[in-house]
$ cat upload-v7.cif   # mmCIF, C-alpha atoms
data_final
#
loop_
_atom_site.label_atom_id
_atom_site.label_comp_id
_atom_site.auth_asym_id
_atom_site.auth_seq_id
_atom_site.Cartn_x
_atom_site.Cartn_y
_atom_site.Cartn_z
CA MET A 1 -3.28 -7.49 24.79
CA ALA A 2 -0.74 -4.74 25.45
CA TRP A 3 2.99 -5.31 25.19
CA THR A 4 5.06 -5.04 28.40
CA THR A 5 8.84 -4.61 28.28
CA PRO A 6 10.11 -8.10 29.13
CA ARG A 7 11.17 -8.53 32.74
CA THR A 8 14.80 -8.82 33.77
CA TRP A 9 14.82 -11.77 36.12
CA VAL A 10 17.00 -11.79 39.26
CA THR A 11 18.39 -14.62 41.28
CA ALA A 12 16.24 -15.95 44.11
CA GLU A 13 13.22 -13.88 43.25
CA VAL A 14 9.81 -15.37 43.98
CA VAL A 15 8.03 -15.70 40.68
CA THR A 16 4.31 -15.17 40.98
CA ALA A 17 1.53 -16.21 38.62
CA SER A 18 0.81 -12.54 38.00
CA VAL A 19 4.37 -11.92 36.86
CA PHE A 20 4.32 -14.94 34.54
CA ASN A 21 0.97 -13.90 33.09
CA THR A 22 2.09 -10.36 32.38
CA HIS A 23 5.58 -11.03 31.11
CA ILE A 24 5.17 -14.35 29.34
CA ARG A 25 1.52 -15.15 28.57
CA ASP A 26 0.39 -11.63 27.65
CA ASN A 27 3.52 -10.81 25.70
CA LEU A 28 3.28 -14.04 23.70
CA GLU A 29 -0.36 -13.27 22.88
CA ASP A 30 0.58 -9.76 21.79
CA LEU A 31 3.30 -11.13 19.51
CA PHE A 32 0.90 -13.71 18.09
CA ASP A 33 -1.61 -11.00 17.19
CA ARG A 34 1.01 -8.84 15.54
CA ALA A 35 2.63 -11.72 13.65
CA HIS A 36 -0.44 -11.99 11.42
CA THR A 37 0.15 -9.76 8.44
CA LYS A 38 -3.35 -9.33 7.10
CA PRO A 39 -3.64 -9.47 3.31
CA ASN A 40 -3.93 -6.05 1.73
CA LEU A 41 -4.16 -5.72 -2.05
CA THR A 42 -4.38 -2.38 -3.83
CA TRP A 43 -5.26 -2.01 -7.49
CA LEU A 44 -5.01 1.17 -9.53
CA ALA A 45 -7.30 1.81 -12.49
CA THR A 46 -4.44 0.73 -14.74
CA SER A 47 -4.64 -2.78 -13.24
CA ASN A 48 -8.05 -3.40 -14.83
CA GLU A 49 -8.40 -6.57 -16.91
CA PRO A 50 -11.39 -5.43 -18.97
CA PRO A 51 -14.11 -7.95 -19.79
CA ALA A 52 -15.01 -8.57 -23.42
CA VAL A 53 -18.45 -7.00 -23.01
CA ASP A 54 -19.37 -3.69 -21.37
CA PRO A 55 -15.96 -2.75 -19.96
CA ALA A 56 -15.50 0.48 -18.05
CA THR A 57 -13.61 3.07 -20.07
CA PRO A 58 -10.06 4.06 -19.12
CA VAL A 59 -9.47 7.82 -19.05
CA PHE A 60 -7.15 10.36 -17.48
CA ARG A 61 -8.17 13.27 -15.27
CA ASN A 62 -5.46 15.71 -14.28
CA THR A 63 -3.06 12.83 -15.17
CA HIS A 64 -4.81 10.45 -12.73
CA PRO A 65 -5.73 7.18 -14.51
CA LEU A 66 -9.42 6.37 -13.94
CA LEU A 67 -12.16 4.03 -15.15
CA ASN A 68 -15.41 5.63 -16.31
CA PHE A 69 -18.66 3.81 -15.47
CA ASP A 70 -21.73 4.84 -17.44
CA ASP A 71 -24.93 6.02 -15.78
CA ALA A 72 -27.20 3.99 -18.09
CA THR A 73 -25.36 0.84 -19.15
CA LYS A 74 -23.98 -1.55 -16.56
CA GLU A 75 -20.21 -1.59 -17.05
CA TYR A 76 -17.53 -3.72 -15.43
CA ALA A 77 -13.89 -3.76 -14.35
CA LEU A 78 -11.92 -6.81 -13.22
CA PHE A 79 -8.94 -6.91 -10.90
CA SER A 80 -6.82 -10.01 -10.44
CA GLY A 81 -4.55 -11.08 -7.59
CA VAL A 82 -3.59 -13.67 -5.02
CA LEU A 83 -4.93 -13.56 -1.48
CA ALA A 84 -1.87 -13.82 0.75
CA PRO A 85 -1.55 -17.10 2.67
CA THR A 86 -1.54 -15.05 5.89
CA TYR A 87 -5.32 -14.74 5.53
CA THR A 88 -6.88 -16.10 8.72
CA ASN A 89 -10.54 -16.50 7.71
CA GLY A 90 -11.47 -13.09 9.06
CA GLY A 91 -13.63 -12.09 6.10
CA LEU A 92 -12.84 -9.43 3.54
CA THR A 93 -13.36 -5.72 3.09
CA VAL A 94 -13.42 -4.09 -0.33
CA GLU A 95 -12.93 -0.33 -0.61
CA LEU A 96 -13.74 1.61 -3.77
CA HIS A 97 -12.14 5.04 -4.17
CA TRP A 98 -14.21 6.94 -6.74
CA MET A 99 -15.55 10.32 -7.78
CA ALA A 100 -18.15 11.82 -10.08
CA ALA A 101 -17.13 12.98 -13.52
CA THR A 102 -19.26 16.09 -13.19
CA ALA A 103 -22.10 15.53 -10.71
CA THR A 104 -22.18 16.99 -7.23
CA THR A 105 -25.37 15.33 -5.97
CA ASN A 106 -27.08 11.94 -5.84
CA ALA A 107 -25.92 8.37 -5.39
CA VAL A 108 -24.10 5.56 -7.19
CA LYS A 109 -24.85 1.87 -6.66
CA TRP A 110 -21.79 -0.34 -6.87
CA ASP A 111 -21.95 -4.12 -7.31
CA VAL A 112 -18.91 -6.18 -6.34
CA ASP A 113 -18.46 -9.94 -6.53
CA ILE A 114 -15.49 -12.25 -6.18
CA ASP A 115 -14.24 -15.16 -8.28
CA ALA A 116 -12.18 -17.56 -6.16
CA ILE A 117 -9.67 -19.55 -8.20
CA ALA A 118 -8.26 -22.47 -6.21
CA SER A 119 -4.72 -23.46 -7.07
CA GLU A 120 -5.74 -26.94 -8.24
CA GLY A 121 -8.96 -28.39 -9.57
CA HIS A 122 -10.38 -25.10 -10.79
CA ASP A 123 -11.30 -24.79 -14.44
CA ILE A 124 -10.36 -21.26 -15.42
CA ASP A 125 -12.58 -21.60 -18.50
CA ARG A 126 -15.58 -21.11 -16.28
CA THR A 127 -16.21 -18.43 -13.72
CA THR A 128 -18.16 -18.83 -10.50
CA TRP A 129 -18.91 -15.48 -9.01
CA SER A 130 -19.82 -15.09 -5.38
CA PRO A 131 -23.17 -13.52 -4.50
CA VAL A 132 -23.11 -9.83 -5.40
CA GLN A 133 -22.58 -7.38 -2.57
CA THR A 134 -23.81 -3.86 -3.13
CA VAL A 135 -23.20 -0.45 -1.67
CA THR A 136 -24.94 2.79 -2.55
CA ASP A 137 -23.16 6.02 -1.66
CA THR A 138 -23.74 9.67 -2.42
CA CYS A 139 -21.08 11.39 -4.48
CA ALA A 140 -18.89 14.13 -3.04
CA SER A 141 -20.11 17.69 -2.85
CA ALA A 142 -17.59 18.73 -5.50
CA SER A 143 -16.67 16.90 -8.67
CA GLY A 144 -13.09 15.67 -8.37
CA GLU A 145 -13.32 14.92 -4.65
CA LEU A 146 -13.05 11.27 -3.67
CA ILE A 147 -15.55 9.05 -1.92
CA MET A 148 -14.55 5.74 -0.36
CA SER A 149 -17.32 3.14 -0.49
CA THR A 150 -16.89 0.05 1.67
CA LEU A 151 -18.26 -3.47 1.28
CA THR A 152 -17.72 -6.32 3.73
CA TYR A 153 -17.78 -10.07 3.10
CA THR A 154 -18.07 -12.71 5.77
CA HIS A 155 -15.71 -15.65 5.40
CA GLY A 156 -17.06 -18.52 3.33
CA ALA A 157 -19.64 -18.63 0.56
CA ALA A 158 -20.23 -14.88 0.63
CA MET A 159 -16.71 -14.41 -0.75
CA GLY A 160 -16.86 -17.37 -3.10
CA GLY A 161 -15.07 -19.70 -0.70
CA LEU A 162 -11.82 -17.82 -1.25
CA LEU A 163 -8.96 -19.04 0.95
CA GLY A 164 -5.49 -17.79 1.77
CA GLY A 165 -3.09 -18.54 -1.08
CA ASP A 166 -5.87 -18.75 -3.70
CA MET A 167 -5.96 -16.62 -6.79
CA CYS A 168 -8.96 -14.38 -7.12
CA ARG A 169 -10.66 -11.81 -9.26
CA VAL A 170 -12.73 -8.92 -8.01
CA ARG A 171 -15.42 -7.62 -10.36
CA VAL A 172 -16.66 -4.07 -9.89
CA ALA A 173 -19.77 -2.80 -11.68
CA ARG A 174 -21.90 0.28 -11.49
CA ASP A 175 -25.59 -0.62 -11.61
CA GLY A 176 -26.60 2.62 -13.25
CA SER A 177 -30.08 1.43 -14.12
CA ALA A 178 -30.95 0.48 -10.54
CA SER A 179 -33.46 2.67 -8.79
CA GLY A 180 -30.93 3.51 -6.09
CA ASP A 181 -28.41 4.82 -8.63
CA THR A 182 -29.51 8.40 -9.16
CA MET A 183 -26.29 10.19 -10.10
CA SER A 184 -26.12 11.61 -13.61
CA GLY A 185 -23.00 11.21 -15.70
CA ASP A 186 -20.05 8.87 -15.25
CA ALA A 187 -18.69 7.55 -11.98
CA GLN A 188 -14.89 7.39 -12.08
CA LEU A 189 -13.15 4.56 -10.25
CA TYR A 190 -9.67 5.50 -9.00
CA LYS A 191 -8.45 2.64 -6.79
CA VAL A 192 -9.68 -0.63 -5.29
CA VAL A 193 -8.47 -2.14 -2.02
CA LEU A 194 -9.10 -5.75 -0.95
CA ARG A 195 -8.06 -6.56 2.60
CA GLU A 196 -8.82 -8.91 5.42
CA THR A 197 -11.31 -7.34 7.76
CA MET B 1 19.14 -8.63 20.94
CA ALA B 2 19.90 -11.98 19.24
CA PHE B 3 17.34 -14.76 19.10
CA THR B 4 18.36 -17.97 20.94
CA THR B 5 16.84 -21.34 20.06
CA PRO B 6 14.19 -21.72 22.76
CA ARG B 7 15.21 -23.93 25.63
CA THR B 8 13.79 -27.43 26.09
CA TRP B 9 12.95 -27.45 29.76
CA SER B 10 13.51 -30.59 31.81
CA ALA B 11 11.84 -31.88 34.94
CA THR B 12 13.24 -30.70 38.26
CA GLU B 13 15.83 -28.42 36.68
CA THR B 14 16.74 -25.30 38.56
CA VAL B 15 15.74 -22.29 36.51
CA THR B 16 18.22 -19.49 37.00
CA ALA B 17 17.83 -15.80 36.35
CA ALA B 18 20.37 -16.09 33.52
CA ILE B 19 18.32 -18.77 31.79
CA MET B 20 15.12 -16.73 32.13
CA ASN B 21 16.81 -13.66 30.72
CA THR B 22 18.27 -15.48 27.72
CA HIS B 23 15.34 -17.69 26.82
CA VAL B 24 12.42 -15.53 27.87
CA ARG B 25 13.34 -11.85 28.13
CA ASP B 26 15.81 -11.66 25.24
CA ASN B 27 13.75 -13.83 22.89
CA LEU B 28 10.59 -11.85 23.57
CA THR B 29 12.45 -8.60 22.96
CA ASN B 30 13.85 -9.96 19.71
CA LEU B 31 10.41 -11.01 18.45
CA ASP B 32 8.93 -7.66 19.44
CA GLY B 33 11.41 -5.91 17.16
CA ARG B 34 10.65 -8.15 14.20
CA THR B 35 6.88 -8.38 14.47
CA GLY B 36 4.60 -5.91 12.86
CA THR B 37 2.58 -5.00 9.82
CA LYS B 38 3.96 -1.58 9.10
CA PRO B 39 3.04 -0.33 5.63
CA PHE B 40 5.69 -1.00 3.02
CA LEU B 41 4.97 0.06 -0.55
CA VAL B 42 7.32 -0.57 -3.47
CA TRP B 43 7.02 1.05 -6.89
CA LEU B 44 9.06 0.16 -9.95
CA ALA B 45 9.89 2.77 -12.56
CA THR B 46 7.08 1.34 -14.68
CA ALA B 47 4.53 2.45 -12.06
CA ASN B 48 5.21 6.10 -12.83
CA GLN B 49 2.16 8.21 -13.67
CA PRO B 50 3.97 10.97 -15.53
CA PRO B 51 2.82 14.56 -15.08
CA ALA B 52 1.82 16.60 -18.10
CA ALA B 53 4.96 18.74 -17.89
CA SER B 54 8.58 18.13 -16.82
CA ALA B 55 8.18 14.36 -16.70
CA ALA B 56 11.15 12.09 -16.13
CA THR B 57 11.95 10.01 -19.21
CA MET B 58 11.32 6.29 -19.37
CA ALA B 59 14.37 4.31 -20.47
CA PHE B 60 15.93 0.88 -20.19
CA ARG B 61 19.41 0.00 -18.95
CA ASN B 62 20.49 -3.60 -19.45
CA GLY B 63 16.81 -4.53 -19.43
CA HIS B 64 16.06 -2.61 -16.22
CA PRO B 65 13.27 -0.06 -16.63
CA VAL B 66 14.49 3.28 -15.24
CA LEU B 67 13.30 6.87 -15.13
CA GLU B 68 15.87 9.43 -16.25
CA PHE B 69 16.09 12.79 -14.47
CA ASP B 70 17.88 15.56 -16.32
CA ALA B 71 20.99 17.35 -15.01
CA ALA B 72 19.73 20.84 -15.90
CA THR B 73 15.93 20.83 -15.64
CA ALA B 74 13.95 19.68 -12.59
CA GLU B 75 11.98 16.62 -13.70
CA ILE B 76 9.23 14.71 -11.95
CA ALA B 77 7.82 11.21 -11.45
CA ILE B 78 4.60 10.40 -9.61
CA PHE B 79 3.57 7.17 -7.87
CA SER B 80 0.08 6.41 -6.58
CA GLY B 81 -1.13 4.13 -3.79
CA VAL B 82 -3.31 3.58 -0.75
CA LEU B 83 -1.79 3.69 2.73
CA PRO B 84 -2.64 0.33 4.37
CA VAL B 85 -4.96 0.40 7.37
CA SER B 86 -2.17 -1.17 9.42
CA TYR B 87 -0.49 2.26 9.57
CA SER B 88 -0.08 3.09 13.25
CA ALA B 89 0.65 6.82 13.13
CA GLY B 90 4.41 6.45 12.99
CA GLY B 91 6.70 8.46 10.74
CA PHE B 92 7.32 7.89 7.04
CA LEU B 93 10.51 7.19 5.12
CA THR B 94 11.02 7.17 1.37
CA THR B 95 13.98 5.35 -0.15
CA VAL B 96 15.03 6.23 -3.69
CA TYR B 97 16.99 3.52 -5.51
CA TRP B 98 18.99 5.25 -8.23
CA MET B 99 22.23 5.37 -10.20
CA ALA B 100 24.11 7.73 -12.45
CA ALA B 101 23.75 7.36 -16.18
CA SER B 102 27.48 7.94 -16.62
CA ALA B 103 28.90 10.05 -13.77
CA THR B 104 31.11 8.66 -11.01
CA SER B 105 31.16 11.73 -8.80
CA GLY B 106 28.92 14.61 -7.79
CA ASP B 107 25.71 14.90 -5.84
CA VAL B 108 22.00 14.59 -6.63
CA LYS B 109 19.31 16.44 -4.70
CA TRP B 110 16.16 14.33 -4.43
CA ASN B 111 12.89 15.98 -3.45
CA VAL B 112 9.81 14.10 -2.28
CA TYR B 113 6.28 15.46 -1.84
CA ILE B 114 3.19 13.69 -0.51
CA GLU B 115 -0.35 14.42 -1.69
CA ALA B 116 -2.98 12.93 0.64
CA HIS B 117 -6.48 12.47 -0.78
CA THR B 118 -8.86 13.15 2.07
CA PRO B 119 -12.31 11.82 1.08
CA ASP B 120 -14.89 14.47 0.18
CA ALA B 121 -12.30 17.20 0.70
CA ASP B 122 -9.33 17.11 -1.69
CA ASP B 123 -10.20 17.86 -5.32
CA LEU B 124 -8.15 15.73 -7.70
CA ASP B 125 -8.67 18.22 -10.50
CA SER B 126 -5.86 20.24 -9.00
CA ASP B 127 -2.62 19.07 -7.42
CA SER B 128 -2.20 19.57 -3.69
CA PHE B 129 1.20 18.18 -2.76
CA GLY B 130 2.48 19.01 0.72
CA SER B 131 5.73 20.64 1.70
CA LEU B 132 9.21 19.66 0.61
CA ASN B 133 11.13 16.67 1.95
CA THR B 134 14.66 16.44 0.59
CA THR B 135 18.02 14.64 0.76
CA THR B 136 21.22 15.25 -1.20
CA ALA B 137 23.38 12.19 -1.84
CA THR B 138 26.63 11.46 -3.64
CA THR B 139 26.54 9.08 -6.57
CA ALA B 140 28.21 5.67 -6.54
CA SER B 141 31.85 5.31 -7.53
CA ALA B 142 30.90 3.50 -10.73
CA ALA B 143 28.06 4.27 -13.12
CA GLY B 144 25.47 1.51 -12.93
CA GLU B 145 26.01 0.90 -9.22
CA LEU B 146 22.94 1.63 -7.13
CA MET B 147 22.53 4.14 -4.35
CA GLN B 148 19.79 3.86 -1.71
CA THR B 149 18.97 7.37 -0.61
CA ASN B 150 16.63 7.84 2.33
CA VAL B 151 14.37 10.85 2.44
CA SER B 152 12.73 11.33 5.83
CA ILE B 153 9.17 12.53 5.41
CA THR B 154 8.72 15.43 7.77
CA SER B 155 5.75 16.71 5.76
CA GLY B 156 3.31 13.89 5.01
CA ASP B 157 0.37 16.16 4.06
CA GLY B 158 -1.69 14.68 6.89
CA LEU B 159 -1.86 11.25 5.25
CA LEU B 160 -3.96 8.77 7.25
CA ALA B 161 -4.46 5.00 7.23
CA GLY B 162 -6.67 3.81 4.40
CA GLU B 163 -6.35 7.02 2.39
CA SER B 164 -5.44 7.29 -1.26
CA PHE B 165 -2.29 9.31 -1.93
CA ARG B 166 0.40 10.18 -4.45
CA LEU B 167 4.13 10.48 -3.95
CA GLN B 168 6.10 12.82 -6.18
CA VAL B 169 9.84 12.36 -6.70
CA SER B 170 11.89 15.02 -8.42
CA ARG B 171 15.53 15.82 -8.97
CA GLU B 172 16.21 19.47 -8.20
CA ALA B 173 18.88 19.61 -10.87
CA ASN B 174 19.05 23.39 -11.00
CA HIS B 175 19.90 23.66 -7.28
CA ALA B 176 23.45 24.54 -6.26
CA ALA B 177 23.72 21.37 -4.20
CA ASP B 178 23.01 19.15 -7.22
CA THR B 179 26.45 18.82 -8.79
CA MET B 180 26.31 15.54 -10.69
CA THR B 181 26.61 15.74 -14.47
CA GLY B 182 24.33 13.75 -16.72
CA ASP B 183 21.11 11.95 -15.92
CA ALA B 184 20.18 10.32 -12.63
CA GLN B 185 18.30 7.06 -13.24
CA LEU B 186 15.62 6.05 -10.78
CA LEU B 187 15.04 2.29 -10.50
CA LYS B 188 12.59 1.88 -7.59
CA VAL B 189 10.94 3.81 -4.79
CA VAL B 190 9.98 2.46 -1.38
CA PHE B 191 7.58 4.24 0.98
CA ARG B 192 7.21 2.83 4.48
CA GLU B 193 6.29 3.54 8.06
CA THR B 194 9.24 3.95 10.37
#

$ encode --input "upload-v7.cif" --output "structure tokens"
Amino acid sequence: MAWTTPRTWVTAEVVTASVFNTHIRDNLEDLFDRAHTKPNLTWLATSNEPPAVDPATPVFRNTHPLLNFDDATKEYALFSGVLAPTYTNGGLTVELHWMAATATTNAVKWDVDIDAIASEGHDIDRTTWSPVQTVTDTCASASGELIMSTLTYTHGAAMGGLLGGDMCRVRVARDGSASGDTMSGDAQLYKVVLRET
Amino acid sequence: MAFTTPRTWSATETVTAAIMNTHVRDNLTNLDGRTGTKPFLVWLATANQPPAASAATMAFRNGHPVLEFDAATAEIAIFSGVLPVSYSAGGFLTTVYWMAASATSGDVKWNVYIEAHTPDADDLDSDSFGSLNTTTATTASAAGELMQTNVSITSGDGLLAGESFRLQVSREANHAADTMTGDAQLLKVVFRET
């Protein structure tokens, strides 16, 4: 609904339904839409909370901090945050900004799942990951150029039941042994974005 | 336009133009100015990703992490982020929060460069910062007092919503306009849509 500059009312004017709808109803709806600040979390490679087993390897490339994911062993990175309470059950989008260490052809299969950690009643000693979402994307035509791979989660069980205000972890893995993962050498994760769709 | 507590309307009252303008027009205009999801990124000094050469020096001042920029050599700090998808093609503004290590007079010339990372185009193996954006500001009257120096970004390197990017801050200490003695200490950097 587009915003209209609010009307300056004059004495004795005949107010029509059309005028009210444009200047009051539509403007209120526009403000309502814009008042929702959708959650938007960004993690750099340095934000990784590495798991005890098979962590991705932190490295630097032209001073950019990155996480190296092997092409044979499945390796993981974990990113932790709080989904802003402004989340309005619109589902989530995860974006992976990555590049190839050396390759200029073939694809990488990324697995991403979410651990929702409710504020109360959740035992942090156990982890309940959401169903894994996957995306397979071809690397850039030149090593060092970025690719942005996108995964979408519908609201509810697909994202582990995560709600606004809950803590969460996002686990990123490269499934290098999968048939769809054909790229040789490391994939290098640069940044991760989690936002409401 | 100030916000007025919305009117409680009563039966059979006569609604005047003045009432409509105060409680409808002016309140709507006020909300329009305050509503939005413009990108707003904040980096502390600890978020610096120092370059291999001419890096600003990490230090602490009364427990505050700061980056020190020399008075003779141009030194650099780099901050990395992703421009939120809520960016609506407005302008950009960078605010540098800084203080003098010891000086109480003189000016500091702050330079800001943006490096957009266009997918499958920009090669991160080499730096590709855009053109110069700069502001020269006088230090506070007492060392330790903060200055907020705005640098309007006229060259944003074509940065688009959802793209990865880096922001480089440097003190052009060897420029004639930079007259402050001693280090300039950077505390925080804000990057936002205007």

$ atom_distance --input "upload-v7.cif" --atom1 "atom CA of B:Gly130" --atom2 "atom CA of A:Leu67"
26.3 Å

$ resolve_selection --input "upload-v7.cif" --expression "the PyMOL selection byres ((chain B) within 10 of (chain A))" --output "count of residues only"
51

$ closest_residue --input "upload-v7.cif" --among "B:Ala140, B:Ala45, B:Ala2, B:Ala56" --to "B:Ser170" --atoms "only C-alpha atoms"
B:Ala56

$ resolve_selection --input "upload-v7.cif" --expression "the PyMOL selection byres ((chain B and resi 103) around 12)" --output "list in words"
Ala71, Met99, Ala100, Ala101, Ser102, Thr104, Ser105, Gly106, Asp107, Val108, Thr138, Thr139, Ala140, Ser141, Ala142, Ala143, Gly144, Glu145, Thr179, Met180, Thr181, Gly182, Asp183, Ala184 and Gln185 of chain B

$ resolve_selection --input "upload-v7.cif" --expression "the PyMOL selection byres ((chain A and resi 101) around 6)" --output "number ranges by chain"
A: 100, 102, 186-187

$ closest_atom_pairs --input "upload-v7.cif" --of "stretch 51-90 of chain A" --to "stretch 160-168 of chain A" --cutoff "7 Å" --atoms "all atoms listed in the file" --output "Markdown table"
| residue | atom | partner | partner_atom | distance |
| --- | --- | --- | --- | --- |
| A:Ser80 | CA | A:Cys168 | CA | 5.9 |
| A:Gly81 | CA | A:Cys168 | CA | 5.5 |
| A:Val82 | CA | A:Met167 | CA | 4.2 |
| A:Leu83 | CA | A:Gly165 | CA | 5.3 |
| A:Ala84 | CA | A:Gly165 | CA | 5.2 |
| A:Pro85 | CA | A:Gly164 | CA | 4.1 |
| A:Thr86 | CA | A:Gly164 | CA | 6.3 |
| A:Tyr87 | CA | A:Gly164 | CA | 4.8 |

$ residues_around --input "upload-v7.cif" --residues "A:Val135" --least-positions-apart "3" --cutoff "10 Å" --atoms "all atoms listed in the file" --output "MDAnalysis selection string"
chainID A and resid 96 107:112 149:152 174 180

$ atom_distance --input "upload-v7.cif" --atom1 "atom CA of B:Thr95" --atom2 "atom CA of B:Asp70"
19.5 Å

$ atom_distance --input "upload-v7.cif" --atom1 "atom CA of B:Ala161" --atom2 "atom CA of B:Leu93"
15.3 Å

$ residues_around --input "upload-v7.cif" --residues "B:Leu186" --least-positions-apart "5" --cutoff "9 Å" --atoms "all atoms listed in the file" --output "ChimeraX atom specification"
/B:44-45,65-69,96-100

$ axis_aligned_box --input "upload-v7.cif" --around "stretch 63-74 of chain A" --padding-each-side "3 Å" --output "AutoDock Vina command-line options"
--center_x -15.1 --center_y 5.6 --center_z -15.9 --size_x 30.1 --size_y 20.4 --size_z 12.4

$ residues_near_point --input "upload-v7.cif" --point "(15.2, 11.0, -1.4)" --cutoff "12 Å" --atoms "only C-alpha atoms" --output "ChimeraX atom specification"
/B:92-98,108-113,132-138,147-153,167-172,186,188-191

$ closest_residue --input "upload-v7.cif" --among "B:Leu159, B:Val42, B:Ile114, B:Ala11" --to "B:Leu187" --atoms "all atoms listed in the file"
B:Val42
